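Shown next: my_file12.cif, containing mmCIF, C-alpha atoms.
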```
data_start
loop_
_atom_site.label_atom_id
_atom_site.label_comp_id
_atom_site.auth_asym_id
_atom_site.auth_seq_id
_atom_site.Cartn_x
_atom_site.Cartn_y
_atom_site.Cartn_z
CA MET Z 156 0.00 0.00 0.00
CA THR Z 157 2.69 2.42 1.05
CA SER Z 158 4.91 1.45 -1.88
CA ILE Z 159 2.00 1.99 -4.29
CA ASN Z 160 1.48 5.46 -2.88
CA ILE Z 161 5.17 6.26 -3.15
CA LYS Z 162 5.25 5.02 -6.75
CA ARG Z 163 2.19 7.08 -7.60
CA GLY Z 164 3.84 10.10 -5.97
CA ILE Z 165 6.96 9.74 -8.13
CA PHE Z 166 4.80 9.17 -11.21
CA MET Z 167 2.80 12.37 -10.72
CA ASN Z 168 5.96 14.18 -9.81
CA ALA Z 169 7.44 13.17 -13.18
CA TYR Z 170 4.54 14.81 -15.04
CA ALA Z 171 4.90 17.96 -12.92
CA LEU Z 172 8.62 17.99 -13.79
CA LEU Z 173 7.85 17.47 -17.49
CA PHE Z 174 5.41 20.40 -17.33
CA ALA Z 175 8.11 22.55 -15.67
CA ALA Z 176 10.60 21.48 -18.39
CA ILE Z 177 8.16 22.52 -21.14
CA ILE Z 178 7.30 25.90 -19.57
CA SER Z 179 10.95 26.82 -18.94
CA GLU Z 180 11.87 25.83 -22.52
CA VAL Z 181 9.11 28.10 -23.86
CA ILE Z 182 10.33 30.97 -21.65
CA GLY Z 183 13.88 30.40 -22.97
CA SER Z 184 12.87 30.19 -26.63
CA SER Z 185 10.55 33.19 -26.40
CA LEU Z 186 13.25 35.34 -24.80
CA LEU Z 187 15.70 34.28 -27.53
CA LYS Z 188 14.00 36.75 -29.88
CA ALA Z 189 14.23 39.52 -27.27
CA THR Z 190 18.02 39.09 -26.81
CA ASP Z 191 18.69 40.90 -30.12
CA GLY Z 192 21.56 38.52 -31.01
CA PHE Z 193 22.63 38.05 -27.34
CA ARG Z 194 23.29 41.78 -27.04
CA LYS Z 195 20.72 42.49 -24.32
CA PRO Z 196 21.96 41.03 -21.00
CA LEU Z 197 18.64 40.48 -19.18
CA PRO Z 198 16.85 38.42 -21.88
CA THR Z 199 20.15 36.58 -22.56
CA LEU Z 200 20.32 35.61 -18.87
CA GLY Z 201 16.68 34.48 -19.16
CA VAL Z 202 17.50 32.24 -22.16
CA VAL Z 203 20.38 30.57 -20.30
CA ALA Z 204 18.31 30.12 -17.11
CA GLY Z 205 15.25 28.90 -19.06
CA TYR Z 206 17.10 26.25 -21.08
CA GLY Z 207 19.26 25.28 -18.08
CA LEU Z 208 16.16 24.67 -15.95
CA ALA Z 209 14.41 22.93 -18.87
CA PHE Z 210 17.19 20.38 -19.40
CA TYR Z 211 17.61 19.84 -15.65
CA ALA Z 212 13.87 19.17 -15.19
CA LEU Z 213 13.88 16.98 -18.32
CA SER Z 214 16.76 14.88 -16.96
CA LEU Z 215 14.82 14.36 -13.70
CA THR Z 216 11.70 13.42 -15.69
CA LEU Z 217 13.72 10.75 -17.52
CA LEU Z 218 14.43 8.99 -14.21
CA THR Z 219 10.88 7.62 -14.39
CA LEU Z 220 9.41 8.25 -17.87
CA PRO Z 221 10.72 6.69 -21.15
CA LEU Z 222 12.96 8.87 -23.36
CA GLY Z 223 11.18 8.63 -26.74
CA LEU Z 224 7.73 9.62 -25.56
CA THR Z 225 9.00 12.19 -23.03
CA TYR Z 226 11.20 13.93 -25.62
CA ALA Z 227 8.35 13.87 -28.16
CA VAL Z 228 5.89 15.49 -25.72
CA TRP Z 229 8.47 18.01 -24.49
CA SER Z 230 9.60 19.05 -27.96
CA GLY Z 231 6.12 18.97 -29.52
CA LEU Z 232 4.41 21.04 -26.84
CA GLY Z 233 7.44 23.34 -26.61
CA THR Z 234 7.23 24.08 -30.35
CA ALA Z 235 3.45 24.60 -30.26
CA LEU Z 236 3.55 26.94 -27.23
CA THR Z 237 6.52 28.88 -28.66
CA ALA Z 238 4.54 29.42 -31.87
CA MET Z 239 1.61 30.66 -29.76
CA VAL Z 240 3.90 33.14 -27.98
CA GLY Z 241 5.11 34.32 -31.40
CA VAL Z 242 1.57 34.90 -32.62
CA ILE Z 243 0.16 36.44 -29.42
CA VAL Z 244 3.10 38.34 -27.88
CA TYR Z 245 5.18 39.22 -30.95
CA LYS Z 246 2.05 39.77 -33.08
CA GLU Z 247 3.17 37.43 -35.88
CA GLY Z 248 0.49 36.60 -38.42
CA PHE Z 249 -1.57 33.44 -38.33
CA ASP Z 250 -3.54 31.56 -40.98
CA GLY Z 251 -4.65 28.07 -41.93
CA ARG Z 252 -1.41 27.18 -43.70
CA LYS Z 253 0.66 28.17 -40.69
CA LEU Z 254 -1.56 26.07 -38.40
CA ALA Z 255 -1.30 23.09 -40.80
CA GLY Z 256 2.47 23.48 -41.17
CA LEU Z 257 2.99 23.63 -37.40
CA ALA Z 258 0.74 20.60 -36.86
CA MET Z 259 2.62 18.58 -39.53
CA ILE Z 260 6.05 19.42 -38.07
CA ILE Z 261 4.95 18.57 -34.52
CA ALA Z 262 3.35 15.29 -35.70
CA GLY Z 263 6.55 14.47 -37.60
CA VAL Z 264 8.75 15.13 -34.55
CA ILE Z 265 6.49 12.93 -32.41
CA LEU Z 266 6.62 10.11 -35.00
CA LEU Z 267 10.42 10.32 -35.18
CA ASN Z 268 10.74 10.11 -31.41
CA VAL Z 269 8.26 7.34 -30.71
CA GLY Z 270 9.08 5.44 -33.92
CA GLY Z 271 12.47 4.36 -32.56
CA ALA Z 272 11.38 1.09 -30.96
CA GLU Z 273 9.68 -0.47 -33.99
CA MET E 287 17.40 36.29 -47.03
CA ARG E 288 20.07 36.49 -44.38
CA GLY E 289 17.67 35.23 -41.68
CA TYR E 290 17.34 31.87 -43.41
CA LEU E 291 21.14 31.60 -43.77
CA TYR E 292 21.44 32.02 -39.99
CA LEU E 293 18.64 29.47 -39.52
CA THR E 294 20.50 26.94 -41.73
CA ILE E 295 23.76 27.40 -39.79
CA SER E 296 21.83 27.14 -36.53
CA ILE E 297 20.25 23.81 -37.57
CA LEU E 298 23.52 22.30 -38.87
CA THR E 299 25.46 23.25 -35.72
CA GLU E 300 22.64 21.85 -33.55
CA VAL E 301 22.82 18.50 -35.39
CA PHE E 302 26.63 18.52 -35.10
CA GLY E 303 26.31 19.25 -31.36
CA THR E 304 23.88 16.36 -30.90
CA ALA E 305 26.29 13.98 -32.68
CA MET E 306 29.12 15.21 -30.40
CA LEU E 307 26.78 14.63 -27.44
CA LYS E 308 26.67 10.95 -28.32
CA LEU E 309 30.45 10.76 -28.85
CA SER E 310 31.11 12.52 -25.51
CA GLU E 311 29.74 9.45 -23.65
CA GLY E 312 28.17 11.40 -20.81
CA PHE E 313 30.69 14.29 -21.01
CA THR E 314 33.57 11.94 -20.11
CA ILE E 315 35.59 12.46 -23.32
CA LEU E 316 37.08 15.97 -23.59
CA LEU E 317 37.10 16.80 -27.32
CA PRO E 318 33.48 15.90 -28.11
CA THR E 319 32.39 17.63 -24.86
CA LEU E 320 34.04 20.86 -26.05
CA GLY E 321 32.37 20.25 -29.43
CA VAL E 322 28.93 20.04 -27.76
CA ALA E 323 29.44 23.34 -25.92
CA ALA E 324 30.81 25.18 -28.98
CA ALA E 325 28.19 23.81 -31.38
CA TYR E 326 25.18 24.53 -29.15
CA GLY E 327 26.56 28.00 -28.32
CA LEU E 328 26.93 28.82 -32.03
CA SER E 329 23.53 27.27 -32.78
CA PHE E 330 21.65 29.43 -30.27
CA TYR E 331 23.63 32.53 -31.29
CA CYS E 332 22.70 32.03 -34.96
CA LEU E 333 19.08 31.28 -34.01
CA SER E 334 18.89 34.57 -32.09
CA LEU E 335 20.31 36.40 -35.15
CA CYS E 336 17.78 34.60 -37.37
CA LEU E 337 14.94 35.78 -35.09
CA LYS E 338 15.77 39.41 -35.91
CA THR E 339 14.03 38.90 -39.26
CA VAL E 340 12.26 35.51 -39.28
CA PRO E 341 9.11 35.19 -37.09
CA LEU E 342 9.59 33.10 -33.91
CA SER E 343 6.54 30.94 -34.67
CA LEU E 344 8.14 29.89 -37.98
CA ALA E 345 11.83 29.71 -37.09
CA TYR E 346 11.50 27.66 -33.90
CA ALA E 347 9.28 25.01 -35.53
CA ILE E 348 11.59 24.70 -38.57
CA TRP E 349 14.68 24.61 -36.32
CA SER E 350 13.30 21.86 -34.09
CA GLY E 351 11.67 19.89 -36.94
CA ILE E 352 14.57 19.81 -39.41
CA GLY E 353 17.03 19.39 -36.51
CA THR E 354 15.18 16.30 -35.28
CA ALA E 355 14.85 14.85 -38.81
CA LEU E 356 18.57 15.33 -39.64
CA THR E 357 19.58 13.88 -36.26
CA ALA E 358 17.44 10.78 -36.91
CA LEU E 359 18.98 10.41 -40.41
CA LEU E 360 22.48 10.79 -38.94
CA GLY E 361 21.67 8.14 -36.32
CA ALA E 362 20.64 5.75 -39.08
CA LEU E 363 23.57 6.52 -41.42
CA VAL E 364 26.42 6.73 -38.88
CA TRP E 365 25.30 4.52 -36.00
CA GLY E 366 23.08 2.11 -37.92
CA GLU E 367 19.99 2.95 -35.89
CA LEU E 368 16.68 1.59 -37.15
CA PHE E 369 14.83 3.76 -39.66
CA GLY E 370 11.43 2.15 -40.15
CA PRO E 371 8.20 3.34 -41.82
CA LEU E 372 7.13 5.47 -38.80
CA LYS E 373 10.37 7.47 -38.99
CA ILE E 374 10.11 7.84 -42.77
CA ALA E 375 6.56 9.17 -42.30
CA GLY E 376 7.88 11.54 -39.60
CA VAL E 377 10.55 12.99 -41.93
CA LEU E 378 8.02 13.42 -44.77
CA LEU E 379 5.56 15.17 -42.42
CA ILE E 380 8.29 17.58 -41.25
CA ILE E 381 9.35 18.41 -44.83
CA GLY E 382 5.70 18.96 -45.81
CA GLY E 383 5.15 21.09 -42.71
CA VAL E 384 8.15 23.32 -43.47
CA ILE E 385 6.94 23.83 -47.07
CA MET E 386 3.45 24.61 -45.74
CA LEU E 387 4.82 27.13 -43.20
CA ASN E 388 6.86 28.87 -45.89
CA SER E 389 3.85 29.15 -48.17
CA SER E 390 1.89 30.80 -45.35
CA SER E 391 0.84 34.33 -46.20
CA SER E 392 1.69 35.45 -42.67
CA LYS E 393 5.32 34.47 -43.26
CA ILE E 394 6.55 38.04 -43.18
CA ALA E 395 4.19 39.32 -40.49
CA GLY E 396 6.01 40.76 -37.51
CA GLU E 397 8.97 41.44 -39.78
CA PRO E 398 9.17 45.22 -40.13
CA GLU E 399 12.16 45.47 -42.49
CA GLY E 400 12.21 42.96 -45.34
CA GLN E 401 15.81 41.77 -45.52
#
```
Could the structure of this file be written out as C-alpha cells, please?
Amino acid sequence: MTSINIKRGIFMNAYALLFAAIISEVIGSSLLKATDGFRKPLPTLGVVAGYGLAFYALSLTLLTLPLGLTYAVWSGLGTALTAMVGVIVYKEGFDGRKLAGLAMIIAGVILLNVGGAE
Amino acid sequence: MRGYLYLTISILTEVFGTAMLKLSEGFTILLPTLGVAAAYGLSFYCLSLCLKTVPLSLAYAIWSGIGTALTALLGALVWGELFGPLKIAGVLLIIGGVIMLNSSSSKIAGEPEGQ
C-alpha cells in the first residue's frame, strides 16, 4: 500500500517535472527573440536560465518516464507553445497554412521520437 | 534572405552538437564535450540572429523539426539505428510542414524590415 502510494507520488511528480521542463523551454525560446543577437543582457540571462532549468527538469523526468515519448511530448508542446507566444506576444500573423504546417512538423517530430522502438 | 542563412547554420550546428553529445559518452571524453558546448553555443547565437528577421513561430518550428529529422537520419547513417516506416513518415511530415509554413501568407508578419 505504502509502496504503491510512493510510486504514484513519483509518477505524478514526473509529469509535474515534465510540465516545468516545457514551460521553462518556452520561456527560454521566447526570450531568444528579445536578446537581439545576445546583445541584451537580461533576456540573454533568461534564455540561459530557461534552457538550463528545462534540461535539468527533463533529466529528472527521464528517471521515471521513457525517453522517446518524453522527448516527443516536451519538444512537440514546446514548439506549439513557442509558436503561440510568437503569434500572441510578438504579433506574428496566423492563418490556416501556418496552423497546418505547425501541426505537420509537430506530428513528424512525435513520430520520429516514438518510432524508434519499432 | 540572411535570416534563413542564420537558420541553416543554426540547424547544422545543432545537429553537429547532438552527434558530439553521443560521442562525448556522458561528457567523459574531452574533445566531443568541447564540441557540444561550442556547437550549441553557435547554434543558439545564430538562431537569435535569425529571429531578428524571421518570425519566432516559424523559425523555432523549422529549427526543431529539421534538426530532429537530420539527427534521426544521422543516427541511421552513422550509428546504424533503425529507420522504419514510422520514422520515414515523420521525416516526410516535417518536410511537408516546413513547405506549408513557408507558403503561409503570414510568413513576413512581424517582420518590419524585409531583408
At a cut-off of 9 Å, which residues of chain E touch chain Z? Count only C-alpha atoms and give the answer as a compact mmCIF listing (two decimals) with C-alpha atoms, keeping the file's coordinate frame.
```txt
# COMPACT_ATOMS: atom_id res chain seq x y z
CA PHE E 330 21.65 29.43 -30.27
CA TYR E 331 23.63 32.53 -31.29
CA CYS E 332 22.70 32.03 -34.96
CA LEU E 333 19.08 31.28 -34.01
CA SER E 334 18.89 34.57 -32.09
CA LEU E 335 20.31 36.40 -35.15
CA CYS E 336 17.78 34.60 -37.37
CA LEU E 337 14.94 35.78 -35.09
CA LYS E 338 15.77 39.41 -35.91
CA PRO E 341 9.11 35.19 -37.09
CA LEU E 342 9.59 33.10 -33.91
CA SER E 343 6.54 30.94 -34.67
CA LEU E 344 8.14 29.89 -37.98
CA ALA E 345 11.83 29.71 -37.09
CA TYR E 346 11.50 27.66 -33.90
CA ALA E 347 9.28 25.01 -35.53
CA ILE E 348 11.59 24.70 -38.57
CA SER E 350 13.30 21.86 -34.09
CA GLY E 351 11.67 19.89 -36.94
CA ILE E 352 14.57 19.81 -39.41
CA THR E 354 15.18 16.30 -35.28
CA ALA E 355 14.85 14.85 -38.81
CA ALA E 358 17.44 10.78 -36.91
CA GLU E 367 19.99 2.95 -35.89
CA LEU E 368 16.68 1.59 -37.15
CA PHE E 369 14.83 3.76 -39.66
CA GLY E 370 11.43 2.15 -40.15
CA PRO E 371 8.20 3.34 -41.82
CA LEU E 372 7.13 5.47 -38.80
CA LYS E 373 10.37 7.47 -38.99
CA ILE E 374 10.11 7.84 -42.77
CA ALA E 375 6.56 9.17 -42.30
CA GLY E 376 7.88 11.54 -39.60
CA VAL E 377 10.55 12.99 -41.93
CA LEU E 378 8.02 13.42 -44.77
CA LEU E 379 5.56 15.17 -42.42
CA ILE E 380 8.29 17.58 -41.25
CA ILE E 381 9.35 18.41 -44.83
CA GLY E 382 5.70 18.96 -45.81
CA GLY E 383 5.15 21.09 -42.71
CA VAL E 384 8.15 23.32 -43.47
CA ILE E 385 6.94 23.83 -47.07
CA MET E 386 3.45 24.61 -45.74
CA LEU E 387 4.82 27.13 -43.20
CA ASN E 388 6.86 28.87 -45.89
CA SER E 389 3.85 29.15 -48.17
CA SER E 390 1.89 30.80 -45.35
CA SER E 391 0.84 34.33 -46.20
CA SER E 392 1.69 35.45 -42.67
CA LYS E 393 5.32 34.47 -43.26
CA ILE E 394 6.55 38.04 -43.18
CA ALA E 395 4.19 39.32 -40.49
CA GLY E 396 6.01 40.76 -37.51
CA GLU E 397 8.97 41.44 -39.78
```
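The gap separating CA of Ala323 (chain E) from CA of Lys195 (chain Z) is 21.1 Å, in Å to one decimal.
For the atom pair formed by CA of Ala169 (chain Z) and CA of Leu217 (chain Z), the distance is 8.0 Å, given to one decimal.
Take CA of Ala209 (chain Z) and CA of Leu317 (chain E): the distance between them is 25.0 Å.
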Let me know the residues the PyMOL selection byres ((chain E and resi 357) around 10) catches in the file above, as a JSON list (two decimals) with C-alpha atoms, keeping the file's coordinate frame.
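Result file follows (out_22.json):
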```
[["chain", "number", "residue", "atom", "x", "y", "z"],
["Z", 267, "LEU", "CA", 10.42, 10.32, -35.18],
["E", 298, "LEU", "CA", 23.52, 22.30, -38.87],
["E", 300, "GLU", "CA", 22.64, 21.85, -33.55],
["E", 301, "VAL", "CA", 22.82, 18.50, -35.39],
["E", 302, "PHE", "CA", 26.63, 18.52, -35.10],
["E", 303, "GLY", "CA", 26.31, 19.25, -31.36],
["E", 304, "THR", "CA", 23.88, 16.36, -30.90],
["E", 305, "ALA", "CA", 26.29, 13.98, -32.68],
["E", 351, "GLY", "CA", 11.67, 19.89, -36.94],
["E", 352, "ILE", "CA", 14.57, 19.81, -39.41],
["E", 353, "GLY", "CA", 17.03, 19.39, -36.51],
["E", 354, "THR", "CA", 15.18, 16.30, -35.28],
["E", 355, "ALA", "CA", 14.85, 14.85, -38.81],
["E", 356, "LEU", "CA", 18.57, 15.33, -39.64],
["E", 358, "ALA", "CA", 17.44, 10.78, -36.91],
["E", 359, "LEU", "CA", 18.98, 10.41, -40.41],
["E", 360, "LEU", "CA", 22.48, 10.79, -38.94],
["E", 361, "GLY", "CA", 21.67, 8.14, -36.32],
["E", 362, "ALA", "CA", 20.64, 5.75, -39.08],
["E", 363, "LEU", "CA", 23.57, 6.52, -41.42]]
```
Proximity to Ile297 (chain E) - best of E:Leu328, E:Leu309, E:Val340, E:Trp349, all atoms listed in the file: E:Trp349
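Considering the residues Z:Ala227, Z:Leu222, Z:Val244, Z:Ile177 and counting all atoms listed in the file, Gly207 (chain Z) has its shortest atom-to-atom contact with Z:Ile177.
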Write out as lines of an AutoDock Vina configuration file an axis-aligned box for region 237-255 of chain Z: all of its atoms listed in the file, 5 Å added on each side, centre and edge lengths in Å with one decimal.
```
center_x = 0.9
center_y = 31.4
center_z = -35.8
size_x = 21.2
size_y = 26.7
size_z = 25.8
```
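Non-sequential neighbours of Ala325 (chain E) (distance at most 6 Å, separation of 4 or more positions within a chain, only C-alpha atoms) are Thr299, Gly303, Gly321 and Ser329 of chain E.
If you measure from each of Z:Leu213, Z:Thr219, Z:Tyr206, Z:Tyr226 to Val181 (chain Z) using only C-alpha atoms, the closest one turns out to be Z:Tyr206.
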